[in-house]
Amino acid sequence: MKKIIIALICAILFVIPFFWIAPGELEMGGDSNRLFLYDPGLYLQVNALYSVEPQGVGKLTSNQNLLPFLILLQVLSKVLHSPYLLMTLLNSVKLVGSFIFVYLIVTELLSHHLGKKKEFHAGMASIVAGLFYTFSPSVGENMRSALLTHNQVFLNPMIFYLVLRFLVSHQSKYLWLTLLTTFIFSPNFSLIAPPPPFAFYPLALLFLILYVALVLKKSLPWKKLCIGFIFFLGIQAFHIIPAVVHISDPSSDYYARAFDATSGRNEALDYFNATLSFGKISQHIFFTYSNHEVRWVTIAVPFIVILGFLLNKKRQKALMLIAIFFLITLYLVSANITQIGVEIYRLFFYIPGFSMFRVFYGQWQWVHAFFYTLLFGFALFIVFSRLKRRYVYASSMLLIIFSIISGWTFINGQVLRSIHPDSKNMTSIVSMNPDYEKTLAFIKALPDDGKIFNFPFTDFFYQVVPGTNNAAYFGPSPTSYLTGKRTFSGYQIIYPFPEVFLKLAKEKNYAAIKRLFGILNVNYIFYIRDPKAFTEYYPTWPYSLFHQSIPDSQALVELVDGIRGEKIFQQGFYSIYSADKANYLPHLYVPTSIIPYDNKGDWYGKNVSFFVDTSEGDPRVGFIDREQCEKLFSTVICASPNINQGRDAPTILFKRINPIKYSVEVSGATGPFTLIFSDQFHKDWKLFVSQSRPEQSAVQQSYFNGSVKEYKHENIFLDSRTFETLGRKSIPEGRHFMVNGYANAWLINPGDASGESHYEIIIEMVQQRVFYYSSVISIVSLLIFLIYGIKLLKK
Amino acid sequence: MKKPRYILLILGLILGDVFFFQISSDVRIFGILFVYIVLTKWLCWHSRTTFILALVLFLLSFILYLFTDPARFHQVLIPPTERLAVWVYLYLVIGVIQKWRE
């Protein structure tokens, strides 16, 4: 009977997400986006293989943790042939997984403490607890715009259950399954998205160890645990090692968050202080959705928890242990518990790394929901133990109905269909516009390596892409993630120029914007003219900053017309224009002049408006900070307003091998020259002068009377030339410097090529090598791990 | 004084703290808790008493929760339901510690 009930519940939970969105609709927005559901294979190539961001100026990143999960999705995608089915299936797995593993955990915990003839009561308590967790706000409210780590709603209970079974039974198969799960869902165990795993697993593992050692008084399989941990590190090495390298890099955002004592800690503390009022203990005790009409049903769970304490006559160590962890997590998620409690919480932010929990009310909610569920399940069992069977059935039904009423806004899909803030009834569930899909196909086929500037321009790193219905995708630019082309779509993406760009737009200084686009290597302007993408439907958010310069669609049309070149594509509301040809600078170029600039006290404290008033006719300029200039050249040379580099400028032909490697053929190099590469400056971009003769290929673009040419680009992840620069000496770091406020430049002397005038240069992001090395560790570990797994299965 | 009267006294002090003072104070909170802990030691009260008090405070908090405008949770002055919920938390902590020691 119990098995039938559970199977029925699982079947219902599996089906529920199919009613949330209609076939053909998609919900892919949010901070981390779920465009991988649209095209997992392409997303893998664009976002997971390489150490540079696929949008903007190519900031360094480390997203290799996505690989196993994306490969799994790609396989499923080949079978299902439908992003809709893929998305719905993932949501179904979340619901069923959440329920079944919470059910199993509560059953397992109770099995060690129930008396004879109480299995029925334990089973019913476990079912109710499982449904309470599945329909809880922590699972449901985050389903919309779900982050990649949202898989934790079922992974947390799943891993907890497997480890619990392993610790109790000492059977290696549970440990093996745990490790396999962590590998497949490695984004949830990544150091790059740290709050979810760091919020849950340390507390969960501590609980399990205490539970087995103190409550069950069993020995712990330390030896197997250590071997398991080594295997974990081995199979996860492909993303853990690159992430460690990335986080240890002082120029990365993560470094500041984790280690920087002066900014990271204080920023986190400032954020905590500013958002302290969001920590409300009543909301975490009553545990309700933001839909306040059904608040009355929230009495049931906390009432039963306190009743469980009251009715518990014997000292149940397990209940006490769960209660302690519940109270700890309630404090962590609420923070606002007496002034002393708040002061102690503030001290946590002086622990390196704790700054990741500055959004405390969000980051701790899952671990809180988990221990709250365990406590509820245990307390409910104590209450049920005193009731006759028919009353247990009735109470269970009542509690399930309460859970359904409480979570109805989630169960009926309302959470996913909620309106975007400040919009005119725009939701997130999008029917993709076929015109946009055609536009994406056109962009993907663009032959050159130029970047794209998206309009309307948002306040963050988002792009707003309306569907055919009253909805819009809202998240990182699909124009980047679904084409592999770099785009600029929002304020945070065009660092360090956002303020100056908005100022120029307001002043209608189109000539300077054209120069800025040249410096940013923007070759195309993508304008979504759909009224649903801009002020008509989004009067404020997410355009508050842009509105100060461009208040309405009319002003936006005027801006685009003022800076664009010819129209090269039009499909419905979607237009693509070329940027101004006269100012365009290819991804790689040799400047004809270097212009030193001083700090004018710009918004960022760095000079970013150096290009605004320049009267230079030839756009091939490298703007350089005067201090940097004096280090490279001399004070006398840098005193000149314009250092002429045109005499010895060679011809270059370049080719993108992949986003982290470029091949440049240099000819006619008779003297020193500077080579500018318009990706974000980083010390790990290295320039190697190749001994081999450059490979000839078809030229597809030519600029400045043929002095810069683009070969047909490639996208090769691995071939015989992948490791060609290993062991080679790169141009000394002293001649690698920042130009144009963000880009890489190298000063190349004839001696670097042994006096040759025709040679090949390789520009490579060497941080990528860490991924290659660590992948070897992972592959070897995985092979051993799988062979061991087969042996276990045979037993 | 008998046990129920002491409990009523503690309850009165808590409700006084919640309803007569607009701003929460640790001095009052920990003062009341100190009195309560002294009473539990002196009169040998078990965790059951603490959990009963937590239950009463919880029910009061819930009733207020039903009638509190959600917007009030984001105002500077914390609504009484939230302050009562803090008391529930504190009494659960005391109750769990007592139970562990019993």
# chains A, B, ... in the order shown; residues from 1 in each chain; ligands from 1
$ residues_around --residues "Leu8 in chain B" --least-positions-apart "5" --cutoff "12 Å" --atoms "only C-alpha atoms" --output "ChimeraX atom specification"
/B:1-3,13-16,36,49,52-53,56-57
$ write_last_selection --atoms "N, CA and C atoms" --output "PDB file, in the first residue's frame"
ATOM      1  N   MET B   1       4.168  31.778  45.595  1.00  0.00           N
ATOM      2  CA  MET B   1       3.533  31.754  44.271  1.00  0.00           C
ATOM      3  C   MET B   1       3.646  30.377  43.653  1.00  0.00           C
ATOM      4  N   LYS B   2       2.630  29.953  42.995  1.00  0.00           N
ATOM      5  CA  LYS B   2       2.669  28.640  42.370  1.00  0.00           C
ATOM      6  C   LYS B   2       3.200  28.750  40.943  1.00  0.00           C
ATOM      7  N   LYS B   3       3.518  27.592  40.377  1.00  0.00           N
ATOM      8  CA  LYS B   3       4.160  27.531  39.046  1.00  0.00           C
ATOM      9  C   LYS B   3       3.405  28.322  37.962  1.00  0.00           C
ATOM     10  N   LEU B  13       5.846  39.549  31.230  1.00  0.00           N
ATOM     11  CA  LEU B  13       7.069  40.327  30.956  1.00  0.00           C
ATOM     12  C   LEU B  13       7.390  40.306  29.467  1.00  0.00           C
ATOM     13  N   ILE B  14       7.242  39.118  28.861  1.00  0.00           N
ATOM     14  CA  ILE B  14       7.536  38.998  27.419  1.00  0.00           C
ATOM     15  C   ILE B  14       6.562  39.851  26.612  1.00  0.00           C
ATOM     16  N   LEU B  15       5.295  39.731  26.934  1.00  0.00           N
ATOM     17  CA  LEU B  15       4.294  40.506  26.178  1.00  0.00           C
ATOM     18  C   LEU B  15       4.501  42.006  26.404  1.00  0.00           C
ATOM     19  N   GLY B  16       4.906  42.346  27.621  1.00  0.00           N
ATOM     20  CA  GLY B  16       5.220  43.752  27.911  1.00  0.00           C
ATOM     21  C   GLY B  16       6.362  44.230  27.033  1.00  0.00           C
ATOM     22  N   TYR B  36      13.948  33.739  33.915  1.00  0.00           N
ATOM     23  CA  TYR B  36      13.331  32.444  33.590  1.00  0.00           C
ATOM     24  C   TYR B  36      14.288  31.289  33.933  1.00  0.00           C
ATOM     25  N   THR B  49       7.989  22.602  30.405  1.00  0.00           N
ATOM     26  CA  THR B  49       7.465  23.935  30.727  1.00  0.00           C
ATOM     27  C   THR B  49       7.939  24.940  29.677  1.00  0.00           C
ATOM     28  N   ILE B  52       6.081  24.454  26.535  1.00  0.00           N
ATOM     29  CA  ILE B  52       4.703  24.961  26.632  1.00  0.00           C
ATOM     30  C   ILE B  52       4.712  26.478  26.415  1.00  0.00           C
ATOM     31  N   LEU B  53       5.668  27.121  27.067  1.00  0.00           N
ATOM     32  CA  LEU B  53       5.783  28.585  26.905  1.00  0.00           C
ATOM     33  C   LEU B  53       6.079  28.929  25.432  1.00  0.00           C
ATOM     34  N   VAL B  56       2.856  28.619  23.481  1.00  0.00           N
ATOM     35  CA  VAL B  56       1.949  29.756  23.695  1.00  0.00           C
ATOM     36  C   VAL B  56       2.446  30.975  22.903  1.00  0.00           C
ATOM     37  N   LEU B  57       3.729  31.216  22.995  1.00  0.00           N
ATOM     38  CA  LEU B  57       4.296  32.370  22.267  1.00  0.00           C
ATOM     39  C   LEU B  57       4.140  32.177  20.758  1.00  0.00           C
TER      40      LEU B  57
END
$ interface_residues --of "chain B" --to "chain A" --cutoff "10 Å" --atoms "only C-alpha atoms" --output "mmCIF file with N, CA and C atoms, in the first residue's frame"
data_model
loop_
_atom_site.group_PDB
_atom_site.id
_atom_site.type_symbol
_atom_site.label_atom_id
_atom_site.label_comp_id
_atom_site.auth_asym_id
_atom_site.auth_seq_id
_atom_site.Cartn_x
_atom_site.Cartn_y
_atom_site.Cartn_z
ATOM 1 N N SER B 24 13.299 46.735 20.104
ATOM 2 C CA SER B 24 13.776 45.577 20.841
ATOM 3 C C SER B 24 15.048 45.920 21.615
ATOM 4 N N SER B 25 15.192 45.302 22.789
ATOM 5 C CA SER B 25 16.395 45.571 23.586
ATOM 6 C C SER B 25 16.937 44.270 24.151
ATOM 7 N N ASP B 26 18.239 44.072 23.996
ATOM 8 C CA ASP B 26 18.872 42.864 24.532
ATOM 9 C C ASP B 26 18.834 42.844 26.045
ATOM 10 N N VAL B 27 18.865 44.031 26.650
ATOM 11 C CA VAL B 27 18.863 44.096 28.116
ATOM 12 C C VAL B 27 17.562 43.480 28.629
ATOM 13 N N ILE B 29 15.478 41.504 26.901
ATOM 14 C CA ILE B 29 15.360 40.087 26.485
ATOM 15 C C ILE B 29 16.172 39.178 27.398
ATOM 16 N N PHE B 30 17.456 39.511 27.544
ATOM 17 C CA PHE B 30 18.295 38.617 28.345
ATOM 18 C C PHE B 30 17.988 38.729 29.839
ATOM 19 N N SER B 47 12.064 20.753 30.747
ATOM 20 C CA SER B 47 11.989 21.349 29.400
ATOM 21 C C SER B 47 10.538 21.467 28.927
ATOM 22 N N ARG B 48 9.683 20.604 29.454
ATOM 23 C CA ARG B 48 8.276 20.613 29.044
ATOM 24 C C ARG B 48 7.651 21.996 29.280
ATOM 25 N N THR B 49 7.989 22.602 30.405
ATOM 26 C CA THR B 49 7.465 23.935 30.727
ATOM 27 C C THR B 49 7.939 24.940 29.677
ATOM 28 N N THR B 50 9.198 24.822 29.353
ATOM 29 C CA THR B 50 9.768 25.754 28.365
ATOM 30 C C THR B 50 9.078 25.581 27.014
ATOM 31 N N PHE B 51 8.844 24.327 26.631
ATOM 32 C CA PHE B 51 8.190 24.093 25.345
ATOM 33 C C PHE B 51 6.729 24.563 25.371
ATOM 34 N N ILE B 52 6.081 24.454 26.535
ATOM 35 C CA ILE B 52 4.703 24.961 26.632
ATOM 36 C C ILE B 52 4.712 26.478 26.415
ATOM 37 N N ALA B 54 6.954 28.142 24.821
ATOM 38 C CA ALA B 54 7.276 28.368 23.397
ATOM 39 C C ALA B 54 6.022 28.193 22.541
ATOM 40 N N LEU B 55 5.205 27.203 22.897
ATOM 41 C CA LEU B 55 3.974 26.944 22.135
ATOM 42 C C LEU B 55 2.998 28.114 22.265
ATOM 43 N N PHE B 58 4.328 30.930 20.327
ATOM 44 C CA PHE B 58 4.167 30.645 18.902
ATOM 45 C C PHE B 58 2.731 30.924 18.449
ATOM 46 N N LEU B 59 1.760 30.485 19.241
ATOM 47 C CA LEU B 59 0.355 30.685 18.843
ATOM 48 C C LEU B 59 0.016 32.180 18.798
ATOM 49 N N SER B 61 2.181 34.546 18.256
ATOM 50 C CA SER B 61 2.901 35.072 17.097
ATOM 51 C C SER B 61 2.133 34.770 15.803
ATOM 52 N N PHE B 62 1.577 33.556 15.749
ATOM 53 C CA PHE B 62 0.842 33.162 14.547
ATOM 54 C C PHE B 62 -0.411 34.023 14.350
ATOM 55 N N ILE B 63 -1.139 34.263 15.459
ATOM 56 C CA ILE B 63 -2.360 35.086 15.354
ATOM 57 C C ILE B 63 -1.988 36.485 14.843
ATOM 58 N N TYR B 65 0.626 37.213 13.157
ATOM 59 C CA TYR B 65 1.140 37.045 11.791
ATOM 60 C C TYR B 65 0.011 37.118 10.764
ATOM 61 N N LEU B 66 -1.118 36.511 11.127
ATOM 62 C CA LEU B 66 -2.262 36.502 10.202
ATOM 63 C C LEU B 66 -2.776 37.919 9.925
ATOM 64 N N PHE B 67 -2.645 38.776 10.941
ATOM 65 C CA PHE B 67 -3.240 40.110 10.812
ATOM 66 C C PHE B 67 -2.203 41.211 10.556
ATOM 67 N N ASP B 69 0.162 43.304 8.153
ATOM 68 C CA ASP B 69 0.345 43.674 6.755
ATOM 69 C C ASP B 69 1.770 43.273 6.325
ATOM 70 N N PRO B 70 1.921 42.501 5.269
ATOM 71 C CA PRO B 70 3.265 42.057 4.852
ATOM 72 C C PRO B 70 4.263 43.207 4.700
ATOM 73 N N PHE B 73 6.782 44.122 7.531
ATOM 74 C CA PHE B 73 8.018 43.368 7.780
ATOM 75 C C PHE B 73 9.247 44.094 7.233
ATOM 76 N N HIS B 74 9.004 45.014 6.314
ATOM 77 C CA HIS B 74 10.143 45.718 5.707
ATOM 78 C C HIS B 74 10.312 47.127 6.264
ATOM 79 N N GLN B 75 9.560 47.434 7.320
ATOM 80 C CA GLN B 75 9.697 48.755 7.947
ATOM 81 C C GLN B 75 10.738 48.697 9.065
ATOM 82 N N VAL B 76 11.152 49.891 9.474
ATOM 83 C CA VAL B 76 12.209 49.959 10.496
ATOM 84 C C VAL B 76 11.707 49.347 11.810
ATOM 85 N N ILE B 78 10.047 46.800 13.876
ATOM 86 C CA ILE B 78 9.742 45.384 13.632
ATOM 87 C C ILE B 78 8.355 45.079 14.196
ATOM 88 N N THR B 81 4.717 40.393 15.734
ATOM 89 C CA THR B 81 4.787 38.971 15.386
ATOM 90 C C THR B 81 6.243 38.513 15.212
ATOM 91 N N GLU B 82 7.056 39.373 14.638
ATOM 92 C CA GLU B 82 8.468 39.039 14.428
ATOM 93 C C GLU B 82 9.193 38.983 15.783
ATOM 94 N N ARG B 83 8.856 39.913 16.649
ATOM 95 C CA ARG B 83 9.523 39.938 17.959
ATOM 96 C C ARG B 83 9.097 38.727 18.792
ATOM 97 N N LEU B 84 7.848 38.343 18.643
ATOM 98 C CA LEU B 84 7.408 37.131 19.352
ATOM 99 C C LEU B 84 8.093 35.894 18.781
ATOM 100 N N ALA B 85 8.320 35.900 17.461
ATOM 101 C CA ALA B 85 9.003 34.758 16.832
ATOM 102 C C ALA B 85 10.423 34.626 17.373
ATOM 103 N N VAL B 86 11.061 35.774 17.667
ATOM 104 C CA VAL B 86 12.399 35.720 18.270
ATOM 105 C C VAL B 86 12.305 35.055 19.644
ATOM 106 N N TRP B 87 11.263 35.411 20.378
ATOM 107 C CA TRP B 87 11.067 34.782 21.696
ATOM 108 C C TRP B 87 10.830 33.279 21.544
ATOM 109 N N VAL B 88 10.068 32.880 20.548
ATOM 110 C CA VAL B 88 9.839 31.444 20.308
ATOM 111 C C VAL B 88 11.186 30.758 20.089
ATOM 112 N N TYR B 89 12.003 31.377 19.261
ATOM 113 C CA TYR B 89 13.314 30.805 18.956
ATOM 114 C C TYR B 89 14.127 30.629 20.245
ATOM 115 N N LEU B 90 14.164 31.684 21.032
ATOM 116 C CA LEU B 90 14.979 31.637 22.248
ATOM 117 C C LEU B 90 14.464 30.558 23.207
ATOM 118 N N LEU B 92 12.860 27.869 22.321
ATOM 119 C CA LEU B 92 13.198 26.553 21.732
ATOM 120 C C LEU B 92 14.649 26.195 22.045
ATOM 121 N N VAL B 93 15.518 27.207 21.970
ATOM 122 C CA VAL B 93 16.934 26.950 22.282
ATOM 123 C C VAL B 93 17.055 26.479 23.731
ATOM 124 N N GLY B 95 14.761 25.190 25.624
ATOM 125 C CA GLY B 95 14.092 23.887 25.765
ATOM 126 C C GLY B 95 14.958 22.744 25.278
ATOM 127 N N VAL B 96 15.606 22.930 24.149
ATOM 128 C CA VAL B 96 16.455 21.860 23.599
ATOM 129 C C VAL B 96 17.649 21.614 24.521
ATOM 130 N N ILE B 97 18.223 22.690 25.035
ATOM 131 C CA ILE B 97 19.371 22.507 25.951
ATOM 132 C C ILE B 97 18.913 21.767 27.223
ATOM 133 N N LYS B 99 16.381 19.767 27.523
ATOM 134 C CA LYS B 99 16.048 18.372 27.182
ATOM 135 C C LYS B 99 17.325 17.536 27.081
ATOM 136 N N TRP B 100 18.334 18.112 26.467
ATOM 137 C CA TRP B 100 19.611 17.409 26.298
ATOM 138 C C TRP B 100 20.212 17.045 27.661
ATOM 139 N N ARG B 101 20.022 17.954 28.627
ATOM 140 C CA ARG B 101 20.631 17.748 29.949
ATOM 141 C C ARG B 101 19.776 16.851 30.859
ATOM 142 N N GLU B 102 18.498 16.665 30.475
ATOM 143 C CA GLU B 102 17.616 15.896 31.368
ATOM 144 C C GLU B 102 17.962 14.408 31.323
#
$ residues_around --residues "range 359-373 of chain A" --least-positions-apart "4" --cutoff "8 Å" --atoms "only C-alpha atoms" --output "PyMOL selection string"
chain A and resi 129-130+132-133+136+138-139+153+157+195-196+199-200+271-272+275+278-279+322-323+325-326+329-330+332-335+377
$ write_last_selection --atoms "C-alpha atoms" --output "PDB file, in the first residue's frame"
ATOM      1  CA  ALA A 129       7.740  15.429   5.328  1.00  0.00           C
ATOM      2  CA  GLY A 130       8.757  14.673   1.751  1.00  0.00           C
ATOM      3  CA  PHE A 132       6.392  19.478   2.805  1.00  0.00           C
ATOM      4  CA  TYR A 133       9.974  19.830   1.513  1.00  0.00           C
ATOM      5  CA  SER A 136       8.364  24.434   0.324  1.00  0.00           C
ATOM      6  CA  SER A 138      12.990  26.997  -0.983  1.00  0.00           C
ATOM      7  CA  VAL A 139      12.226  24.532  -3.744  1.00  0.00           C
ATOM      8  CA  VAL A 153      16.882  20.976  -4.217  1.00  0.00           C
ATOM      9  CA  PRO A 157      18.785  15.207  -0.028  1.00  0.00           C
ATOM     10  CA  PRO A 195      27.504  29.347  -1.486  1.00  0.00           C
ATOM     11  CA  PRO A 196      25.210  26.369  -2.223  1.00  0.00           C
ATOM     12  CA  ALA A 199      26.162  26.242   2.939  1.00  0.00           C
ATOM     13  CA  PHE A 200      24.849  22.688   2.863  1.00  0.00           C
ATOM     14  CA  TYR A 271      25.952  44.320   2.055  1.00  0.00           C
ATOM     15  CA  PHE A 272      24.930  42.348   5.133  1.00  0.00           C
ATOM     16  CA  THR A 275      20.054  43.811   3.816  1.00  0.00           C
ATOM     17  CA  PHE A 278      15.374  40.941   5.039  1.00  0.00           C
ATOM     18  CA  GLY A 279      16.244  38.438   7.743  1.00  0.00           C
ATOM     19  CA  ILE A 322      18.232  17.546  14.422  1.00  0.00           C
ATOM     20  CA  ALA A 323      16.778  20.322  16.573  1.00  0.00           C
ATOM     21  CA  PHE A 325      21.003  21.845  13.519  1.00  0.00           C
ATOM     22  CA  PHE A 326      17.582  23.333  12.816  1.00  0.00           C
ATOM     23  CA  THR A 329      20.366  27.050  10.392  1.00  0.00           C
ATOM     24  CA  LEU A 330      17.397  29.155  11.513  1.00  0.00           C
ATOM     25  CA  LEU A 332      22.020  31.573   9.906  1.00  0.00           C
ATOM     26  CA  VAL A 333      19.084  32.236   7.590  1.00  0.00           C
ATOM     27  CA  SER A 334      17.448  34.862   9.826  1.00  0.00           C
ATOM     28  CA  ALA A 335      20.418  36.697  11.374  1.00  0.00           C
ATOM     29  CA  GLY A 377       9.292  14.503  10.009  1.00  0.00           C
TER      30      GLY A 377
END
$ select_by_dssp --residues "range 1-99 of chain B" --states "helix (DSSP H, G or I)" --output "mmCIF file with C-alpha atoms, in the first residue's frame"
data_model
loop_
_atom_site.group_PDB
_atom_site.id
_atom_site.type_symbol
_atom_site.label_atom_id
_atom_site.label_comp_id
_atom_site.auth_asym_id
_atom_site.auth_seq_id
_atom_site.Cartn_x
_atom_site.Cartn_y
_atom_site.Cartn_z
ATOM 1 C CA LYS B 3 4.160 27.531 39.046
ATOM 2 C CA PRO B 4 1.373 28.859 36.772
ATOM 3 C CA ARG B 5 1.686 32.292 38.338
ATOM 4 C CA TYR B 6 5.422 32.396 37.658
ATOM 5 C CA ILE B 7 4.769 31.335 34.098
ATOM 6 C CA LEU B 8 2.121 34.010 33.749
ATOM 7 C CA LEU B 9 4.595 36.518 35.165
ATOM 8 C CA ILE B 10 7.213 35.528 32.572
ATOM 9 C CA LEU B 11 4.597 35.627 29.830
ATOM 10 C CA GLY B 12 3.490 39.071 31.021
ATOM 11 C CA LEU B 13 7.069 40.327 30.956
ATOM 12 C CA ILE B 14 7.536 38.998 27.419
ATOM 13 C CA LEU B 15 4.294 40.506 26.178
ATOM 14 C CA GLY B 16 5.220 43.752 27.911
ATOM 15 C CA ASP B 17 8.529 43.736 26.075
ATOM 16 C CA VAL B 18 6.792 43.091 22.754
ATOM 17 C CA PHE B 19 3.826 45.437 23.040
ATOM 18 C CA PHE B 20 4.968 48.286 25.299
ATOM 19 C CA ASP B 26 18.872 42.864 24.532
ATOM 20 C CA VAL B 27 18.863 44.096 28.116
ATOM 21 C CA ARG B 28 15.174 43.351 28.456
ATOM 22 C CA ILE B 29 15.360 40.087 26.485
ATOM 23 C CA PHE B 30 18.295 38.617 28.345
ATOM 24 C CA GLY B 31 17.002 40.035 31.642
ATOM 25 C CA ILE B 32 13.735 38.129 31.224
ATOM 26 C CA LEU B 33 15.578 35.019 30.063
ATOM 27 C CA PHE B 34 17.857 35.270 33.105
ATOM 28 C CA VAL B 35 14.842 35.425 35.405
ATOM 29 C CA TYR B 36 13.331 32.444 33.590
ATOM 30 C CA ILE B 37 16.521 30.382 33.831
ATOM 31 C CA VAL B 38 16.821 31.191 37.561
ATOM 32 C CA LEU B 39 13.213 30.067 38.024
ATOM 33 C CA THR B 40 13.792 26.808 36.133
ATOM 34 C CA LYS B 41 16.772 26.057 38.369
ATOM 35 C CA TRP B 42 15.065 27.149 41.559
ATOM 36 C CA SER B 47 11.989 21.349 29.400
ATOM 37 C CA ARG B 48 8.276 20.613 29.044
ATOM 38 C CA THR B 49 7.465 23.935 30.727
ATOM 39 C CA THR B 50 9.768 25.754 28.365
ATOM 40 C CA PHE B 51 8.190 24.093 25.345
ATOM 41 C CA ILE B 52 4.703 24.961 26.632
ATOM 42 C CA LEU B 53 5.783 28.585 26.905
ATOM 43 C CA ALA B 54 7.276 28.368 23.397
ATOM 44 C CA LEU B 55 3.974 26.944 22.135
ATOM 45 C CA VAL B 56 1.949 29.756 23.695
ATOM 46 C CA LEU B 57 4.296 32.370 22.267
ATOM 47 C CA PHE B 58 4.167 30.645 18.902
ATOM 48 C CA LEU B 59 0.355 30.685 18.843
ATOM 49 C CA LEU B 60 0.317 34.371 19.763
ATOM 50 C CA SER B 61 2.901 35.072 17.097
ATOM 51 C CA PHE B 62 0.842 33.162 14.547
ATOM 52 C CA ILE B 63 -2.360 35.086 15.354
ATOM 53 C CA LEU B 64 -0.497 38.366 14.954
ATOM 54 C CA TYR B 65 1.140 37.045 11.791
ATOM 55 C CA LEU B 66 -2.262 36.502 10.202
ATOM 56 C CA PRO B 70 3.265 42.057 4.852
ATOM 57 C CA ALA B 71 4.666 45.513 4.126
ATOM 58 C CA ARG B 72 5.267 45.971 7.867
ATOM 59 C CA PHE B 73 8.018 43.368 7.780
ATOM 60 C CA HIS B 74 10.143 45.718 5.707
ATOM 61 C CA PRO B 80 5.194 42.299 17.191
ATOM 62 C CA THR B 81 4.787 38.971 15.386
ATOM 63 C CA GLU B 82 8.468 39.039 14.428
ATOM 64 C CA ARG B 83 9.523 39.938 17.959
ATOM 65 C CA LEU B 84 7.408 37.131 19.352
ATOM 66 C CA ALA B 85 9.003 34.758 16.832
ATOM 67 C CA VAL B 86 12.399 35.720 18.270
ATOM 68 C CA TRP B 87 11.067 34.782 21.696
ATOM 69 C CA VAL B 88 9.839 31.444 20.308
ATOM 70 C CA TYR B 89 13.314 30.805 18.956
ATOM 71 C CA LEU B 90 14.979 31.637 22.248
ATOM 72 C CA TYR B 91 12.605 29.391 24.183
ATOM 73 C CA LEU B 92 13.198 26.553 21.732
ATOM 74 C CA VAL B 93 16.934 26.950 22.282
ATOM 75 C CA ILE B 94 16.486 26.834 26.064
ATOM 76 C CA GLY B 95 14.092 23.887 25.765
ATOM 77 C CA VAL B 96 16.455 21.860 23.599
ATOM 78 C CA ILE B 97 19.371 22.507 25.951
ATOM 79 C CA GLN B 98 17.227 21.519 28.937
ATOM 80 C CA LYS B 99 16.048 18.372 27.182
#
$ residues_around --residues "range 172-183 of chain A" --least-positions-apart "2" --cutoff "6 Å" --atoms "only C-alpha atoms" --output "JSON, numbers by chain"
{"A": [159, 162, 166, 185, 186]}
$ atom_distance --atom1 "CA of Ser575 in chain A" --atom2 "CA of Tyr43 in chain A"
23.8 Å
$ residues_around --residues "range 453-467 of chain A" --least-positions-apart "3" --cutoff "9 Å" --atoms "only C-alpha atoms" --output "PyMOL selection string"
chain A and resi 30-31+426+429-434+436+470-479+486-493+517+522-534+541-546+553+556+560+579
$ atom_distance --atom1 "CA of His113 in chain A" --atom2 "CA of Ile4 in chain A"
24.6 Å
$ closest_atom_pairs --of "range 132-241 of chain A" --to "range 754-777 of chain A" --cutoff "9 Å" --atoms "only C-alpha atoms" --output "CSV"
residue,atom,partner,partner_atom,distance
A:Gly234,CA,A:Ile777,CA,6.1
A:Ile235,CA,A:Ile777,CA,7.2
A:Gln236,CA,A:Ser775,CA,8.7
A:Ala237,CA,A:Ser774,CA,5.4
A:Phe238,CA,A:Ser775,CA,4.4
A:His239,CA,A:Phe771,CA,7.1
A:Ile240,CA,A:Ser774,CA,8.4
A:Ile241,CA,A:Ser774,CA,6.4
